[in-house]
Amino acid sequence: MKILVIGGGGREHALIKSIKKSPKASKIYCLPGNGGISCDAECVDIPIASIERVVQFAVDTKIDLCVVAPDDPLAAGMVDALQNAGVRAFGPNKNAAIIEASKVFSKDLMQKYGIPTAKHKSFTNAEDAYEFLKTLGNVPVVVKADGLALGKGVIICSGLSDAIAAVKEIMEDKKFGSSGSSVVIEEFLTGVEVSVLAFCDSKTVVPMVSSRDHKRALDGNKGLNTGGMGTISPNPFYTDSIANECMEKIFLPTINAMNAEGRTFKGCLYFGLMLTENGPKVIEYNARFGDPEAQVVLPRLQTDIIDIMEAVIDERLPEVEICWSDNCAVCVVMASGGYPENYEKGVEIFGLDANTGGIISSDNFSGENITVYHSGTKKDDSGRFFTNGGRVLGVTAVGDSLDEAINHSYEAVGQISFKDAHYRTDIGK
Ligand code: AMP
Ligand code: GLY
């Protein structure tokens, strides 16, 4: 099969490494890909935003399966466009991708169908939002831009003045552009966060092994929210009994609600959960694999991912037995100094093998059980790698225990260097 993966980050690299294990994959393309992905797939230099050109490429190349991984093309209807041109595509249609693309939609869905989540109210007008905040008084709240904002449109506010400033920034100053035409104001929840990715084929939902992201930029969960600075899988707080409760109260009700709304979801649905005193609650849905969740979940997948994706497309997921290895994975993200705000690009990265993009092995470092997933990198003609984004690399180790995986991934991070490299030293701890 000829497979095309849309996207160019660490998540797409993890998908490609997983697809590469399948004996069915004869050729893998990635559009646009990145420096490290070019070691595993043929990168295609077409901008993701031009859906027509992407579809034309898929048709001309006779792609057998196209995996649309990032949020923007899903929300823009790339899966619909591929299907209309006769290309089999993995990912939700536009009318289902709205579960991520509009927080107003997803909050209203949860309210309508009784799915546990933080109490909320939505606003299309800043004055109404200010009035509402004044009725709440000086309490912690979370203010969220309605639309997609690279994971940054969520502002945690400790009290009234912060909350008013957040609404102003989103709705009046338009910090996130048109994503901030509406806002959601919601109750601040406390507890342990869990990410659960699930394969959904419209009626059936099969959760993958759990994980935990570390969203803040600095150690001790300090600093700004980022796309994710590191992950572990499994999440030790996500017990079997909590998993059963989530299936009954959250996962099945969500896909049933989407069907009832005429927005059948097929693809990977991401449940961002908070385990609160009053049970698990949904913080957010994403219509795709998480990044860097994919970099710890997919290395543990033992079943052929192409078989699973085809079963999702054909709505016969219950026929596939999905198996996971009983180990632990840890991914430490190495980012450019300054991320998630301003940072430099084009800085040379040392310690990576020109052919594989992995760590150069030496007498004192074998690199066994380590995978380096590239996010923002590019490679020059002589095989040197350079930074090309905020999150640069995701260094994943698998081990028999969480501690072993943590130690191995930090040992591996120590083999790689670039100017002003920044990473958290407490992933999984
Ligand atoms: P989101 O993009 O909606 O996942 O939000 C980003 C991060 O903000 C989450 O991973 C949480 O850490 C935090 N967050 C979002 N909503 C809430 C909430 N209602 N209460 C507490 N923290 C939240
Ligand atoms: N790591 C969170 C996300 O992918 O949205």
# chains A, B, ... in the order shown; residues from 1 in each chain; ligands from 1
call {"tool": "residues_near_ligand", "arguments": {"ligand": "ligand 1", "cutoff": "7 Å", "atoms": "only C-alpha atoms and all ligand atoms", "output": "list in words"}}
result
Ala118, Val142, Gly151, Lys152, Gly153, Val154, Ile156, Glu186, Glu187, Phe188, Leu189, Thr190, Lys215, Asn225, Gly272, Ile283 and Glu284 of chain A
call {"tool": "write_last_selection", "arguments": {"atoms": "all heavy atoms", "output": "short mmCIF file (atom, residue, chain, number, x, y, z; two decimals), in the first residue's frame"}}
result
data_model
loop_
_atom_site.label_atom_id
_atom_site.label_comp_id
_atom_site.auth_asym_id
_atom_site.auth_seq_id
_atom_site.Cartn_x
_atom_site.Cartn_y
_atom_site.Cartn_z
N ALA A 118 -16.59 20.58 33.30
CA ALA A 118 -16.66 21.78 34.14
C ALA A 118 -17.90 22.58 33.75
O ALA A 118 -18.22 22.69 32.57
CB ALA A 118 -15.41 22.62 33.94
N VAL A 142 -11.54 29.53 34.19
CA VAL A 142 -10.73 29.29 32.99
C VAL A 142 -11.45 29.95 31.82
O VAL A 142 -12.66 29.76 31.65
CB VAL A 142 -10.53 27.78 32.76
CG1 VAL A 142 -9.62 27.55 31.57
CG2 VAL A 142 -9.95 27.13 34.01
N GLY A 151 -3.27 25.13 21.02
CA GLY A 151 -3.22 24.74 22.43
C GLY A 151 -2.97 25.91 23.37
O GLY A 151 -2.72 25.72 24.55
N LYS A 152 -2.98 27.15 22.83
CA LYS A 152 -2.60 28.28 23.67
C LYS A 152 -3.78 29.19 24.02
O LYS A 152 -3.62 30.15 24.76
CB LYS A 152 -1.50 29.10 22.99
CG LYS A 152 -0.21 28.29 22.85
CD LYS A 152 0.79 28.99 21.96
CE LYS A 152 1.87 28.00 21.51
NZ LYS A 152 2.53 28.43 20.29
N GLY A 153 -4.98 28.88 23.52
CA GLY A 153 -6.13 29.76 23.71
C GLY A 153 -6.87 29.50 25.01
O GLY A 153 -8.05 29.83 25.12
N VAL A 154 -6.18 28.91 26.01
CA VAL A 154 -6.80 28.61 27.29
C VAL A 154 -6.08 29.41 28.35
O VAL A 154 -4.86 29.28 28.49
CB VAL A 154 -6.68 27.10 27.60
CG1 VAL A 154 -7.12 26.78 29.02
CG2 VAL A 154 -7.49 26.29 26.59
N ILE A 156 -5.84 30.31 32.36
CA ILE A 156 -6.25 29.97 33.73
C ILE A 156 -6.16 31.26 34.54
O ILE A 156 -5.10 31.88 34.58
CB ILE A 156 -5.28 28.92 34.35
CG1 ILE A 156 -5.00 27.77 33.37
CG2 ILE A 156 -5.74 28.46 35.72
CD1 ILE A 156 -5.93 26.63 33.37
N GLU A 186 -15.30 28.88 32.18
CA GLU A 186 -15.70 27.69 32.92
C GLU A 186 -15.05 27.60 34.28
O GLU A 186 -14.04 28.25 34.57
CB GLU A 186 -15.49 26.42 32.09
CG GLU A 186 -14.06 26.04 31.84
CD GLU A 186 -13.94 24.76 31.02
OE1 GLU A 186 -14.78 24.49 30.15
OE2 GLU A 186 -12.97 24.04 31.26
N GLU A 187 -15.67 26.76 35.07
CA GLU A 187 -15.23 26.46 36.43
C GLU A 187 -13.81 25.89 36.38
O GLU A 187 -13.48 25.10 35.50
CB GLU A 187 -16.24 25.42 36.93
CG GLU A 187 -15.97 24.68 38.16
CD GLU A 187 -16.86 23.41 38.24
OE1 GLU A 187 -17.43 22.94 37.23
OE2 GLU A 187 -16.94 22.88 39.34
N PHE A 188 -12.97 26.27 37.35
CA PHE A 188 -11.61 25.74 37.45
C PHE A 188 -11.67 24.40 38.17
O PHE A 188 -12.17 24.30 39.28
CB PHE A 188 -10.74 26.74 38.23
CG PHE A 188 -9.35 26.26 38.45
CD1 PHE A 188 -8.42 26.25 37.42
CD2 PHE A 188 -8.96 25.81 39.71
CE1 PHE A 188 -7.12 25.80 37.63
CE2 PHE A 188 -7.66 25.36 39.93
CZ PHE A 188 -6.74 25.35 38.89
N LEU A 189 -11.18 23.35 37.52
CA LEU A 189 -11.22 22.02 38.12
C LEU A 189 -9.85 21.67 38.69
O LEU A 189 -8.83 22.09 38.13
CB LEU A 189 -11.56 20.96 37.06
CG LEU A 189 -12.91 21.07 36.36
CD1 LEU A 189 -13.01 20.00 35.28
CD2 LEU A 189 -14.05 20.90 37.38
N THR A 190 -9.84 20.89 39.77
CA THR A 190 -8.55 20.42 40.26
C THR A 190 -8.55 18.90 40.27
O THR A 190 -9.59 18.26 40.42
CB THR A 190 -8.24 20.93 41.69
OG1 THR A 190 -9.37 20.64 42.50
CG2 THR A 190 -7.95 22.40 41.72
N LYS A 215 1.82 20.02 30.33
CA LYS A 215 1.53 21.13 29.40
C LYS A 215 2.34 22.39 29.67
O LYS A 215 2.59 23.17 28.75
CB LYS A 215 0.04 21.49 29.46
CG LYS A 215 -0.84 20.42 28.83
CD LYS A 215 -1.84 21.02 27.85
CE LYS A 215 -2.45 19.97 26.95
NZ LYS A 215 -3.69 19.39 27.44
N ASN A 225 1.37 27.74 29.26
CA ASN A 225 0.87 26.53 28.62
C ASN A 225 1.57 26.35 27.28
O ASN A 225 1.79 27.33 26.56
CB ASN A 225 -0.63 26.67 28.36
CG ASN A 225 -1.44 25.76 29.24
OD1 ASN A 225 -0.97 24.69 29.66
ND2 ASN A 225 -2.65 26.16 29.54
N GLY A 272 -9.34 14.60 26.85
CA GLY A 272 -8.50 15.22 27.88
C GLY A 272 -9.33 15.25 29.15
O GLY A 272 -10.37 15.92 29.20
N ILE A 283 -12.03 17.77 30.11
CA ILE A 283 -11.48 19.14 29.97
C ILE A 283 -11.60 19.57 28.52
O ILE A 283 -11.94 20.69 28.21
CB ILE A 283 -10.01 19.19 30.40
CG1 ILE A 283 -9.86 18.85 31.86
CG2 ILE A 283 -9.44 20.59 30.12
CD1 ILE A 283 -8.42 18.84 32.33
N GLU A 284 -11.27 18.65 27.63
CA GLU A 284 -11.36 18.99 26.21
C GLU A 284 -11.40 17.71 25.38
O GLU A 284 -10.98 16.65 25.82
CB GLU A 284 -10.16 19.82 25.76
CG GLU A 284 -8.85 19.06 25.84
CD GLU A 284 -7.73 19.62 24.98
OE1 GLU A 284 -7.99 20.50 24.14
OE2 GLU A 284 -6.60 19.14 25.13
#
call {"tool": "residues_around", "arguments": {"residues": "range 193-196 of chain A", "least_positions_apart": "6", "cutoff": "6 Å", "atoms": "only C-alpha atoms", "output": "CSV table (one decimal) with all heavy atoms, in the first residue's frame"}}
result
chain,number,residue,atom,x,y,z
A,210,SER,N,-3.5,4.6,28.4
A,210,SER,CA,-3.6,6.0,28.8
A,210,SER,C,-2.2,6.7,28.8
A,210,SER,O,-1.2,6.1,28.7
A,210,SER,CB,-4.1,6.0,30.3
A,210,SER,OG,-3.2,5.4,31.1
A,211,SER,N,-2.3,8.0,29.0
A,211,SER,CA,-1.0,8.8,29.0
A,211,SER,C,-1.3,10.0,29.9
A,211,SER,O,-2.4,10.3,30.3
A,211,SER,CB,-0.5,9.1,27.6
A,211,SER,OG,-1.5,9.8,26.9
A,212,ARG,N,-0.2,10.7,30.1
A,212,ARG,CA,-0.3,12.0,30.8
A,212,ARG,C,0.7,13.0,30.1
A,212,ARG,O,1.8,12.7,29.9
A,212,ARG,CB,0.1,11.8,32.3
A,212,ARG,CG,0.0,13.1,33.0
A,212,ARG,CD,0.2,13.0,34.5
A,212,ARG,NE,-0.2,14.2,35.2
A,212,ARG,CZ,-0.2,14.4,36.4
A,212,ARG,NH1,0.1,13.4,37.2
A,212,ARG,NH2,-0.6,15.6,37.0
A,270,TYR,N,-9.6,12.1,21.1
A,270,TYR,CA,-8.7,12.4,22.2
A,270,TYR,C,-9.6,12.9,23.3
A,270,TYR,O,-10.3,14.0,23.2
A,270,TYR,CB,-7.7,13.4,21.8
A,270,TYR,CG,-6.8,14.0,22.8
A,270,TYR,CD1,-5.4,14.0,22.6
A,270,TYR,CD2,-7.3,14.7,23.9
A,270,TYR,CE1,-4.6,14.6,23.5
A,270,TYR,CE2,-6.4,15.4,24.8
A,270,TYR,CZ,-5.1,15.3,24.6
A,270,TYR,OH,-4.2,15.9,25.5
A,271,PHE,N,-9.6,12.2,24.5
A,271,PHE,CA,-10.3,12.7,25.6
A,271,PHE,C,-9.3,13.3,26.6
A,271,PHE,O,-8.5,12.5,27.1
A,271,PHE,CB,-11.1,11.6,26.3
A,271,PHE,CG,-12.1,10.9,25.5
A,271,PHE,CD1,-11.8,9.9,24.6
A,271,PHE,CD2,-13.4,11.4,25.5
A,271,PHE,CE1,-12.8,9.3,23.8
A,271,PHE,CE2,-14.4,10.8,24.7
A,271,PHE,CZ,-14.1,9.7,23.9
A,272,GLY,N,-9.3,14.6,26.9
A,272,GLY,CA,-8.5,15.2,27.9
A,272,GLY,C,-9.3,15.3,29.2
A,272,GLY,O,-10.4,15.9,29.2
A,273,LEU,N,-8.9,14.5,30.2
A,273,LEU,CA,-9.8,14.3,31.3
A,273,LEU,C,-9.1,14.8,32.6
A,273,LEU,O,-7.9,14.9,32.7
A,273,LEU,CB,-10.0,12.8,31.6
A,273,LEU,CG,-10.5,12.0,30.4
A,273,LEU,CD1,-10.5,10.5,30.8
A,273,LEU,CD2,-11.9,12.4,30.1
A,274,MET,N,-9.9,15.2,33.5
A,274,MET,CA,-9.4,15.6,34.9
A,274,MET,C,-10.1,14.6,35.9
A,274,MET,O,-11.3,14.5,35.9
A,274,MET,CB,-9.8,17.1,35.2
A,274,MET,CG,-9.3,17.6,36.5
A,274,MET,SD,-7.6,18.1,36.4
A,274,MET,CE,-7.8,19.8,35.9
call {"tool": "closest_atom_pairs", "arguments": {"of": "chain A", "to": "ligand 2", "cutoff": "7 Å", "atoms": "only C-alpha atoms and all ligand atoms", "output": "CSV"}}
result
residue,atom,partner,partner_atom_place_in_ligand_line,distance
A:Gly151,CA,ligand 2,5 (O),6.0
A:Asp213,CA,ligand 2,1 (N),5.9
A:Gly227,CA,ligand 2,1 (N),5.5
A:Gly228,CA,ligand 2,1 (N),4.8
A:Asn286,CA,ligand 2,5 (O),6.5
A:Phe289,CA,ligand 2,4 (O),6.6
A:Gly290,CA,ligand 2,4 (O),3.3
A:Asp291,CA,ligand 2,4 (O),4.0
A:Pro292,CA,ligand 2,1 (N),5.3
A:Glu293,CA,ligand 2,1 (N),5.9
call {"tool": "atom_distance", "arguments": {"atom1": "CA of Ala257 in chain A", "atom2": "CA of Asp146 in chain A"}}
result
20.0 Å
call {"tool": "select_by_dssp", "arguments": {"residues": "range 11-229 of chain A", "states": "helix (DSSP H, G or I)", "output": "MDAnalysis selection string"}}
result
chainID A and resid 11:20 37:39 51:60 71:75 78:84 94:101 103:113 126:136 160:172 177:180
